[in-house]
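**Student:** Mind looking over this structure? Questions follow.
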Amino acid sequence: MGLQVLLFWPNVIGYVRIGLVLAAWAAYETPAVFVCLYSLSIALDGHKHSVTCDDAHCAGVDGWLARRLGQSSRFGAWLDVVVDNLGRGMLWSRLFEWGWLVSALEWCVFVCNHSARGDQWKTSFISSPRFIQAVMANGFRTPLGSWVVSGLHCLPLWLYGYQWDLLSHWLSLPPWVQAVGTLLLAAGRLLALSVEIWCIWTHIEYLTSDETEEKKN
């Protein structure tokens, strides 16, 4: 297959999503343009290869094409998460001065899950606590998993809407609904944080166990 995988249609859509994220970054202070560009980037993402979806439960344009054309790939798995992290990282860093910390954490988890073990990263969760397994169950297609994914993906966009008064002006949401929505999404993001911490800790155990075995040999 070689380098021709770079031109698989699902991956071409990934490149388009990168362009949309960069365009959204430039239009950050123009809410109508930013929301359209950022939302389109999310809509094109079927999570076909990402850590947030099981292959049997994928939606979106890139996921549909990957299934339709038989063009799933390890590069696609990598690219999908890179674009997700790039988009959320941009948004978090623009929302708050400390937003880069959230982005740094997500990139750290990405490295832990994909650098040393590649597509075998899912074996990390075989012996994980029941809560972690419950979150990961069925490709996040459970109420708990959906809550976690909503916190991960929707919280930064929700906070953008709150900062720019879009929740009030566009959606006409009363203050109490905005507050409840923020609390629910923030709680989901904290639950995602617990999974991220487990990923990092599992990777540390993986790395240190390798070193121990090498020294014994």
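Going through the structure tokens in order, the chains are called A, B, and so on, while each chain numbers its residues from 1 and the ligands are numbered from 1 in the order shown.
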Might you pull out every residue within 10 Å of Trp147 (chain A), with only C-alpha atoms counted and same-chain residues fewer than 6 positions away left off, and present them as an MDAnalysis selection string?

**Tutor:** chainID A and resid 135 140:141 184:189 191:192

**Student:** Those residues you just picked out, can you put them in a file as a short mmCIF file (atom, residue, chain, number, x, y, z; two decimals), in the first residue's frame with N, CA and C atoms?

**Tutor:**
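Writing done, so here's selection-v4.cif:
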data_model
loop_
_atom_site.label_atom_id
_atom_site.label_comp_id
_atom_site.auth_asym_id
_atom_site.auth_seq_id
_atom_site.Cartn_x
_atom_site.Cartn_y
_atom_site.Cartn_z
N VAL A 135 -16.55 3.41 30.68
CA VAL A 135 -16.46 4.57 29.78
C VAL A 135 -16.12 4.11 28.37
N PHE A 140 -17.64 3.84 23.30
CA PHE A 140 -18.22 5.04 23.92
C PHE A 140 -19.71 5.18 23.61
N ARG A 141 -20.32 4.16 23.00
CA ARG A 141 -21.74 4.24 22.66
C ARG A 141 -22.60 3.77 23.83
N LEU A 184 -22.69 20.27 33.25
CA LEU A 184 -22.76 18.91 32.74
C LEU A 184 -21.59 18.59 31.81
N LEU A 185 -21.27 19.53 30.93
CA LEU A 185 -20.16 19.31 30.00
C LEU A 185 -18.82 19.30 30.74
N ALA A 186 -18.69 20.18 31.73
CA ALA A 186 -17.45 20.20 32.52
C ALA A 186 -17.28 18.90 33.29
N ALA A 187 -18.38 18.36 33.81
CA ALA A 187 -18.31 17.08 34.51
C ALA A 187 -17.89 15.97 33.55
N GLY A 188 -18.43 16.00 32.33
CA GLY A 188 -18.04 15.02 31.33
C GLY A 188 -16.56 15.13 30.99
N ARG A 189 -16.08 16.38 30.93
CA ARG A 189 -14.65 16.58 30.63
C ARG A 189 -13.77 16.07 31.77
N LEU A 191 -14.56 13.56 33.70
CA LEU A 191 -14.56 12.11 33.55
C LEU A 191 -13.57 11.68 32.47
N ALA A 192 -13.52 12.45 31.38
CA ALA A 192 -12.53 12.18 30.32
C ALA A 192 -11.12 12.31 30.89
#

**Student:** Tell me which of A:Ala77, A:Ile18, A:Ala24, A:Ala179 sits closest to Asn113 (chain A), counting only C-alpha atoms.

**Tutor:**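 Among the listed residues, the smallest separation from Asn113 (chain A) belongs to A:Ala77.
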
**Student:** Pick out the closest residue to Leu166 (chain A) from this set: A:Phe34, A:Trp198, A:Trp107, A:Trp9. Count only C-alpha atoms.

**Tutor:** A:Phe34

**Student:** Excluding Val109 (chain A) and residues on its chain fewer than 4 positions from it, collect all residues at most 10 Å away from it, counting only C-alpha atoms, and give them as a PyMOL selection string.

**Tutor:** chain A and resi 103-105+113-115+195-201+203

**Student:** Next, dump the selected residues to file, keeping only N, CA and C atoms, as a PDB file, in the first residue's frame.

**Tutor:**
ATOM      1  N   SER A 103      -4.647  21.328  26.109  1.00  0.00           N
ATOM      2  CA  SER A 103      -4.123  20.822  24.846  1.00  0.00           C
ATOM      3  C   SER A 103      -2.886  19.953  25.077  1.00  0.00           C
ATOM      4  N   ALA A 104      -2.005  20.401  25.961  1.00  0.00           N
ATOM      5  CA  ALA A 104      -0.792  19.628  26.249  1.00  0.00           C
ATOM      6  C   ALA A 104      -1.136  18.255  26.809  1.00  0.00           C
ATOM      7  N   LEU A 105      -2.142  18.198  27.678  1.00  0.00           N
ATOM      8  CA  LEU A 105      -2.574  16.917  28.235  1.00  0.00           C
ATOM      9  C   LEU A 105      -3.083  15.993  27.138  1.00  0.00           C
ATOM     10  N   ASN A 113      -0.762   6.752  23.678  1.00  0.00           N
ATOM     11  CA  ASN A 113      -1.598   5.739  23.038  1.00  0.00           C
ATOM     12  C   ASN A 113      -1.097   5.305  21.672  1.00  0.00           C
ATOM     13  N   HIS A 114      -0.343   6.161  20.994  1.00  0.00           N
ATOM     14  CA  HIS A 114      -0.028   5.882  19.597  1.00  0.00           C
ATOM     15  C   HIS A 114       1.454   5.764  19.274  1.00  0.00           C
ATOM     16  N   SER A 115       2.341   6.250  20.126  1.00  0.00           N
ATOM     17  CA  SER A 115       3.752   6.275  19.742  1.00  0.00           C
ATOM     18  C   SER A 115       4.405   4.902  19.817  1.00  0.00           C
ATOM     19  N   VAL A 195      -9.894   9.146  32.410  1.00  0.00           N
ATOM     20  CA  VAL A 195      -9.442   8.179  31.406  1.00  0.00           C
ATOM     21  C   VAL A 195      -8.065   8.575  30.885  1.00  0.00           C
ATOM     22  N   GLU A 196      -7.862   9.869  30.664  1.00  0.00           N
ATOM     23  CA  GLU A 196      -6.570  10.348  30.169  1.00  0.00           C
ATOM     24  C   GLU A 196      -5.448  10.046  31.163  1.00  0.00           C
ATOM     25  N   ILE A 197      -5.721  10.269  32.437  1.00  0.00           N
ATOM     26  CA  ILE A 197      -4.718   9.979  33.463  1.00  0.00           C
ATOM     27  C   ILE A 197      -4.387   8.493  33.473  1.00  0.00           C
ATOM     28  N   TRP A 198      -5.424   7.655  33.301  1.00  0.00           N
ATOM     29  CA  TRP A 198      -5.186   6.219  33.252  1.00  0.00           C
ATOM     30  C   TRP A 198      -4.324   5.850  32.040  1.00  0.00           C
ATOM     31  N   CYS A 199      -4.582   6.475  30.901  1.00  0.00           N
ATOM     32  CA  CYS A 199      -3.770   6.219  29.706  1.00  0.00           C
ATOM     33  C   CYS A 199      -2.306   6.553  29.965  1.00  0.00           C
ATOM     34  N   ILE A 200      -2.070   7.703  30.567  1.00  0.00           N
ATOM     35  CA  ILE A 200      -0.696   8.120  30.840  1.00  0.00           C
ATOM     36  C   ILE A 200      -0.032   7.163  31.822  1.00  0.00           C
ATOM     37  N   TRP A 201      -0.742   6.808  32.894  1.00  0.00           N
ATOM     38  CA  TRP A 201      -0.179   5.911  33.893  1.00  0.00           C
ATOM     39  C   TRP A 201       0.109   4.526  33.303  1.00  0.00           C
ATOM     40  N   HIS A 203       0.813   3.870  30.245  1.00  0.00           N
ATOM     41  CA  HIS A 203       1.978   3.989  29.367  1.00  0.00           C
ATOM     42  C   HIS A 203       3.266   4.038  30.185  1.00  0.00           C
TER      43      HIS A 203
END

**Student:** Tell me which protein, DNA and RNA residues are within 12 Å of region 26-29 of chain A, counting only C-alpha atoms, leaving out same-chain ones fewer than 6 positions away, and put them as a PDB file with N, CA, C and O atoms, in the first residue's frame.

**Tutor:**
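File selection_2.pdb, as written:
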ATOM      1  N   GLY A  19      -7.326  22.372   7.066  1.00  0.00           N
ATOM      2  CA  GLY A  19      -7.530  23.690   6.478  1.00  0.00           C
ATOM      3  C   GLY A  19      -8.665  24.440   7.148  1.00  0.00           C
ATOM      4  O   GLY A  19      -8.577  25.649   7.392  1.00  0.00           O
ATOM      5  N   LEU A  20      -9.747  23.727   7.470  1.00  0.00           N
ATOM      6  CA  LEU A  20     -10.889  24.344   8.142  1.00  0.00           C
ATOM      7  C   LEU A  20     -10.506  24.824   9.547  1.00  0.00           C
ATOM      8  O   LEU A  20     -10.928  25.899   9.975  1.00  0.00           O
ATOM      9  N   VAL A  35     -17.795  29.605  13.972  1.00  0.00           N
ATOM     10  CA  VAL A  35     -18.660  28.479  14.325  1.00  0.00           C
ATOM     11  C   VAL A  35     -18.939  27.617  13.094  1.00  0.00           C
ATOM     12  O   VAL A  35     -18.941  26.381  13.178  1.00  0.00           O
ATOM     13  N   CYS A  36     -19.161  28.243  11.949  1.00  0.00           N
ATOM     14  CA  CYS A  36     -19.428  27.478  10.725  1.00  0.00           C
ATOM     15  C   CYS A  36     -18.227  26.625  10.338  1.00  0.00           C
ATOM     16  O   CYS A  36     -18.367  25.425  10.048  1.00  0.00           O
ATOM     17  N   LEU A  37     -17.037  27.221  10.346  1.00  0.00           N
ATOM     18  CA  LEU A  37     -15.838  26.496   9.934  1.00  0.00           C
ATOM     19  C   LEU A  37     -15.496  25.383  10.917  1.00  0.00           C
ATOM     20  O   LEU A  37     -15.206  24.252  10.523  1.00  0.00           O
ATOM     21  N   TYR A  38     -15.549  25.712  12.208  1.00  0.00           N
ATOM     22  CA  TYR A  38     -15.196  24.727  13.230  1.00  0.00           C
ATOM     23  C   TYR A  38     -16.214  23.585  13.247  1.00  0.00           C
ATOM     24  O   TYR A  38     -15.846  22.409  13.352  1.00  0.00           O
ATOM     25  N   GLY A  87      -7.648  20.941  16.482  1.00  0.00           N
ATOM     26  CA  GLY A  87      -8.811  21.815  16.587  1.00  0.00           C
ATOM     27  C   GLY A  87      -9.138  22.188  18.016  1.00  0.00           C
ATOM     28  O   GLY A  87      -9.315  23.375  18.336  1.00  0.00           O
ATOM     29  N   MET A  90      -6.383  24.479  19.502  1.00  0.00           N
ATOM     30  CA  MET A  90      -6.524  25.861  19.060  1.00  0.00           C
ATOM     31  C   MET A  90      -7.573  26.580  19.872  1.00  0.00           C
ATOM     32  O   MET A  90      -7.371  27.690  20.365  1.00  0.00           O
ATOM     33  N   LEU A  91      -8.722  25.928  20.049  1.00  0.00           N
ATOM     34  CA  LEU A  91      -9.838  26.571  20.729  1.00  0.00           C
ATOM     35  C   LEU A  91      -9.537  26.794  22.209  1.00  0.00           C
ATOM     36  O   LEU A  91      -9.782  27.890  22.743  1.00  0.00           O
ATOM     37  N   TRP A  92      -9.002  25.781  22.888  1.00  0.00           N
ATOM     38  CA  TRP A  92      -8.677  25.947  24.307  1.00  0.00           C
ATOM     39  C   TRP A  92      -7.646  27.057  24.514  1.00  0.00           C
ATOM     40  O   TRP A  92      -7.748  27.847  25.461  1.00  0.00           O
ATOM     41  N   SER A  93      -6.662  27.130  23.639  1.00  0.00           N
ATOM     42  CA  SER A  93      -5.611  28.136  23.805  1.00  0.00           C
ATOM     43  C   SER A  93      -6.123  29.551  23.570  1.00  0.00           C
ATOM     44  O   SER A  93      -5.573  30.511  24.116  1.00  0.00           O
ATOM     45  N   ARG A  94      -7.177  29.681  22.764  1.00  0.00           N
ATOM     46  CA  ARG A  94      -7.757  31.003  22.529  1.00  0.00           C
ATOM     47  C   ARG A  94      -8.760  31.383  23.613  1.00  0.00           C
ATOM     48  O   ARG A  94      -8.973  32.565  23.888  1.00  0.00           O
ATOM     49  N   LEU A  95      -9.381  30.384  24.226  1.00  0.00           N
ATOM     50  CA  LEU A  95     -10.391  30.662  25.244  1.00  0.00           C
ATOM     51  C   LEU A  95      -9.782  31.200  26.534  1.00  0.00           C
ATOM     52  O   LEU A  95     -10.293  32.159  27.131  1.00  0.00           O
ATOM     53  N   LEU A 157     -16.350  24.356  22.614  1.00  0.00           N
ATOM     54  CA  LEU A 157     -17.226  25.109  21.720  1.00  0.00           C
ATOM     55  C   LEU A 157     -18.351  25.775  22.506  1.00  0.00           C
ATOM     56  O   LEU A 157     -18.750  26.906  22.216  1.00  0.00           O
ATOM     57  N   TYR A 160     -16.949  28.793  24.130  1.00  0.00           N
ATOM     58  CA  TYR A 160     -16.809  29.855  23.132  1.00  0.00           C
ATOM     59  C   TYR A 160     -18.139  30.572  22.956  1.00  0.00           C
ATOM     60  O   TYR A 160     -18.199  31.807  22.932  1.00  0.00           O
ATOM     61  N   GLY A 161     -19.202  29.782  22.833  1.00  0.00           N
ATOM     62  CA  GLY A 161     -20.528  30.380  22.705  1.00  0.00           C
ATOM     63  C   GLY A 161     -20.900  31.215  23.910  1.00  0.00           C
ATOM     64  O   GLY A 161     -21.546  32.258  23.778  1.00  0.00           O
ATOM     65  N   GLN A 163     -18.726  32.793  25.982  1.00  0.00           N
ATOM     66  CA  GLN A 163     -17.889  33.998  26.013  1.00  0.00           C
ATOM     67  C   GLN A 163     -18.365  35.048  25.018  1.00  0.00           C
ATOM     68  O   GLN A 163     -18.276  36.251  25.290  1.00  0.00           O
ATOM     69  N   TRP A 164     -18.855  34.611  23.883  1.00  0.00           N
ATOM     70  CA  TRP A 164     -19.284  35.538  22.841  1.00  0.00           C
ATOM     71  C   TRP A 164     -20.800  35.766  22.847  1.00  0.00           C
ATOM     72  O   TRP A 164     -21.350  36.316  21.890  1.00  0.00           O
TER      73      TRP A 164
END

**Student:** So, counting only C-alpha atoms, which residue among A:Leu207, A:Cys154, A:Ala32, A:Leu101 is closest to Gly181 (chain A)?

**Tutor:**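 Between A:Leu207, A:Cys154, A:Ala32, A:Leu101, the residue approaching Gly181 (chain A) most closely is A:Cys154.
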
**Student:** Can you list, as a PyMOL selection string, every residue of region 3-214 of chain A that DSSP puts in alpha helix (DSSP H)?

**Tutor:** chain A and resi 9-26+31-43+61-69+74-95+99-114+130-136+143-163+166-169+175-214

**Student:** Would you save the residues from that selection as a tab-separated table (two decimals), in the first residue's frame, using C-alpha atoms?

**Tutor:**
chain	number	residue	atom	x	y	z
A	9	TRP	CA	-10.20	9.79	0.31
A	10	PRO	CA	-10.84	9.65	4.08
A	11	ASN	CA	-7.33	11.04	4.59
A	12	VAL	CA	-7.88	13.77	1.99
A	13	ILE	CA	-10.87	14.81	4.08
A	14	GLY	CA	-8.50	14.95	7.04
A	15	TYR	CA	-6.35	17.46	5.14
A	16	VAL	CA	-9.46	19.49	4.38
A	17	ARG	CA	-10.32	19.46	8.09
A	18	ILE	CA	-6.86	20.83	8.89
A	19	GLY	CA	-7.53	23.69	6.48
A	20	LEU	CA	-10.89	24.34	8.14
A	21	VAL	CA	-9.27	24.42	11.59
A	22	LEU	CA	-6.64	26.91	10.45
A	23	ALA	CA	-9.30	29.06	8.78
A	24	ALA	CA	-11.39	28.94	11.96
A	25	TRP	CA	-8.34	30.01	13.95
A	26	ALA	CA	-7.96	33.07	11.71
A	31	PRO	CA	-18.24	34.14	15.61
A	32	ALA	CA	-20.54	33.46	12.64
A	33	VAL	CA	-17.60	32.41	10.46
A	34	PHE	CA	-15.71	30.63	13.23
A	35	VAL	CA	-18.66	28.48	14.33
A	36	CYS	CA	-19.43	27.48	10.72
A	37	LEU	CA	-15.84	26.50	9.93
A	38	TYR	CA	-15.20	24.73	13.23
A	39	SER	CA	-18.53	22.89	13.13
A	40	LEU	CA	-17.91	21.78	9.54
A	41	SER	CA	-14.56	20.36	10.58
A	42	ILE	CA	-16.28	18.38	13.35
A	43	ALA	CA	-19.07	17.24	11.01
A	61	VAL	CA	-18.09	11.73	5.92
A	62	ASP	CA	-14.61	10.30	6.46
A	63	GLY	CA	-15.93	7.29	8.36
A	64	TRP	CA	-18.54	6.60	5.69
A	65	LEU	CA	-15.93	6.81	2.92
A	66	ALA	CA	-13.50	4.59	4.81
A	67	ARG	CA	-16.17	1.90	5.08
A	68	ARG	CA	-17.53	2.40	1.57
A	69	LEU	CA	-14.14	2.36	-0.16
A	74	ARG	CA	-3.17	3.16	10.50
A	75	PHE	CA	-2.20	6.52	9.03
A	76	GLY	CA	-5.87	7.46	9.00
A	77	ALA	CA	-6.13	6.49	12.66
A	78	TRP	CA	-3.19	8.74	13.45
A	79	LEU	CA	-4.39	11.64	11.28
A	80	ASP	CA	-7.91	11.60	12.70
A	81	VAL	CA	-6.69	12.12	16.27
A	82	VAL	CA	-4.10	14.70	15.19
A	83	VAL	CA	-6.78	16.86	13.57
A	84	ASP	CA	-9.08	16.50	16.59
A	85	ASN	CA	-6.30	17.56	18.95
A	86	LEU	CA	-5.28	20.40	16.66
A	87	GLY	CA	-8.81	21.82	16.59
A	88	ARG	CA	-9.50	21.51	20.30
A	89	GLY	CA	-6.01	22.74	21.16
A	90	MET	CA	-6.52	25.86	19.06
A	91	LEU	CA	-9.84	26.57	20.73
A	92	TRP	CA	-8.68	25.95	24.31
A	93	SER	CA	-5.61	28.14	23.81
A	94	ARG	CA	-7.76	31.00	22.53
A	95	LEU	CA	-10.39	30.66	25.24
A	99	GLY	CA	-5.95	26.58	27.83
A	100	TRP	CA	-2.68	25.27	26.45
A	101	LEU	CA	-2.50	22.97	29.48
A	102	VAL	CA	-5.61	21.12	28.31
A	103	SER	CA	-4.12	20.82	24.85
A	104	ALA	CA	-0.79	19.63	26.25
A	105	LEU	CA	-2.57	16.92	28.24
A	106	GLU	CA	-4.45	15.69	25.16
A	107	TRP	CA	-1.26	15.58	23.11
A	108	CYS	CA	0.46	13.68	25.92
A	109	VAL	CA	-2.32	11.09	25.87
A	110	PHE	CA	-1.99	10.89	22.09
A	111	VAL	CA	1.72	10.13	22.41
A	112	CYS	CA	1.06	7.52	25.10
A	113	ASN	CA	-1.60	5.74	23.04
A	114	HIS	CA	-0.03	5.88	19.60
A	130	ARG	CA	-14.34	-1.04	35.99
A	131	PHE	CA	-15.09	2.65	35.64
A	132	ILE	CA	-12.56	3.03	32.81
A	133	GLN	CA	-13.95	-0.07	31.10
A	134	ALA	CA	-17.49	1.31	31.46
A	135	VAL	CA	-16.46	4.57	29.78
A	136	MET	CA	-14.72	2.74	26.93
A	143	PRO	CA	-24.81	6.98	28.21
A	144	LEU	CA	-21.62	7.29	30.26
A	145	GLY	CA	-19.38	7.15	27.20
A	146	SER	CA	-21.50	9.71	25.34
A	147	TRP	CA	-21.30	12.03	28.35
A	148	VAL	CA	-17.51	11.75	28.37
A	149	VAL	CA	-17.20	12.36	24.62
A	150	SER	CA	-19.59	15.33	24.83
A	151	GLY	CA	-17.45	16.87	27.55
A	152	LEU	CA	-14.31	16.29	25.52
A	153	HIS	CA	-15.55	17.65	22.20
A	154	CYS	CA	-18.40	20.02	23.03
A	155	LEU	CA	-17.21	21.84	26.16
A	156	PRO	CA	-14.70	24.16	24.42
A	157	LEU	CA	-17.23	25.11	21.72
A	158	TRP	CA	-19.91	25.66	24.39
A	159	LEU	CA	-17.53	27.93	26.33
A	160	TYR	CA	-16.81	29.86	23.13
A	161	GLY	CA	-20.53	30.38	22.70
A	162	TYR	CA	-20.78	31.52	26.30
A	163	GLN	CA	-17.89	34.00	26.01
A	166	LEU	CA	-23.94	33.18	21.31
A	167	LEU	CA	-25.88	30.98	23.71
A	168	SER	CA	-28.07	33.94	24.56
A	169	HIS	CA	-28.33	35.68	21.20
A	175	PRO	CA	-28.80	31.85	32.14
A	176	TRP	CA	-29.76	28.83	34.23
A	177	VAL	CA	-29.75	26.55	31.17
A	178	GLN	CA	-26.33	27.89	30.20
A	179	ALA	CA	-25.06	27.22	33.73
A	180	VAL	CA	-26.47	23.68	33.82
A	181	GLY	CA	-25.07	22.94	30.37
A	182	THR	CA	-21.66	24.18	31.42
A	183	LEU	CA	-21.69	22.07	34.58
A	184	LEU	CA	-22.76	18.91	32.74
A	185	LEU	CA	-20.16	19.31	30.00
A	186	ALA	CA	-17.45	20.20	32.52
A	187	ALA	CA	-18.31	17.08	34.51
A	188	GLY	CA	-18.04	15.02	31.33
A	189	ARG	CA	-14.65	16.58	30.63
A	190	LEU	CA	-13.49	15.69	34.15
A	191	LEU	CA	-14.56	12.11	33.55
A	192	ALA	CA	-12.53	12.18	30.32
A	193	LEU	CA	-9.63	13.45	32.42
A	194	SER	CA	-9.78	10.32	34.55
A	195	VAL	CA	-9.44	8.18	31.41
A	196	GLU	CA	-6.57	10.35	30.17
A	197	ILE	CA	-4.72	9.98	33.46
A	198	TRP	CA	-5.19	6.22	33.25
A	199	CYS	CA	-3.77	6.22	29.71
A	200	ILE	CA	-0.70	8.12	30.84
A	201	TRP	CA	-0.18	5.91	33.89
A	202	THR	CA	-0.62	2.74	31.84
A	203	HIS	CA	1.98	3.99	29.37
A	204	ILE	CA	4.41	4.75	32.19
A	205	GLU	CA	3.94	1.21	33.46
A	206	TYR	CA	4.50	-0.11	29.93
A	207	LEU	CA	7.73	1.85	29.52
A	208	THR	CA	9.13	0.99	32.93
A	209	SER	CA	8.28	-2.71	32.57
A	210	ASP	CA	10.19	-2.80	29.28
A	211	GLU	CA	13.24	-1.27	30.94
A	212	THR	CA	13.07	-3.79	33.78
A	213	GLU	CA	12.93	-6.72	31.35
A	214	GLU	CA	15.82	-5.35	29.29

**Student:** Could you check how far CA of Phe96 (chain A) sits from CA of Thr30 (chain A), in Å to one decimal?

**Tutor:**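 Distance reported for this atom pair: 17.3 Å.
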
**Student:** Measure the distance from CA of Ser72 (chain A) to CA of Ala137 (chain A) in Å and round it to one decimal.

**Tutor:**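 So the two atoms, CA of Ser72 (chain A) and CA of Ala137 (chain A), lie 21.6 Å apart.
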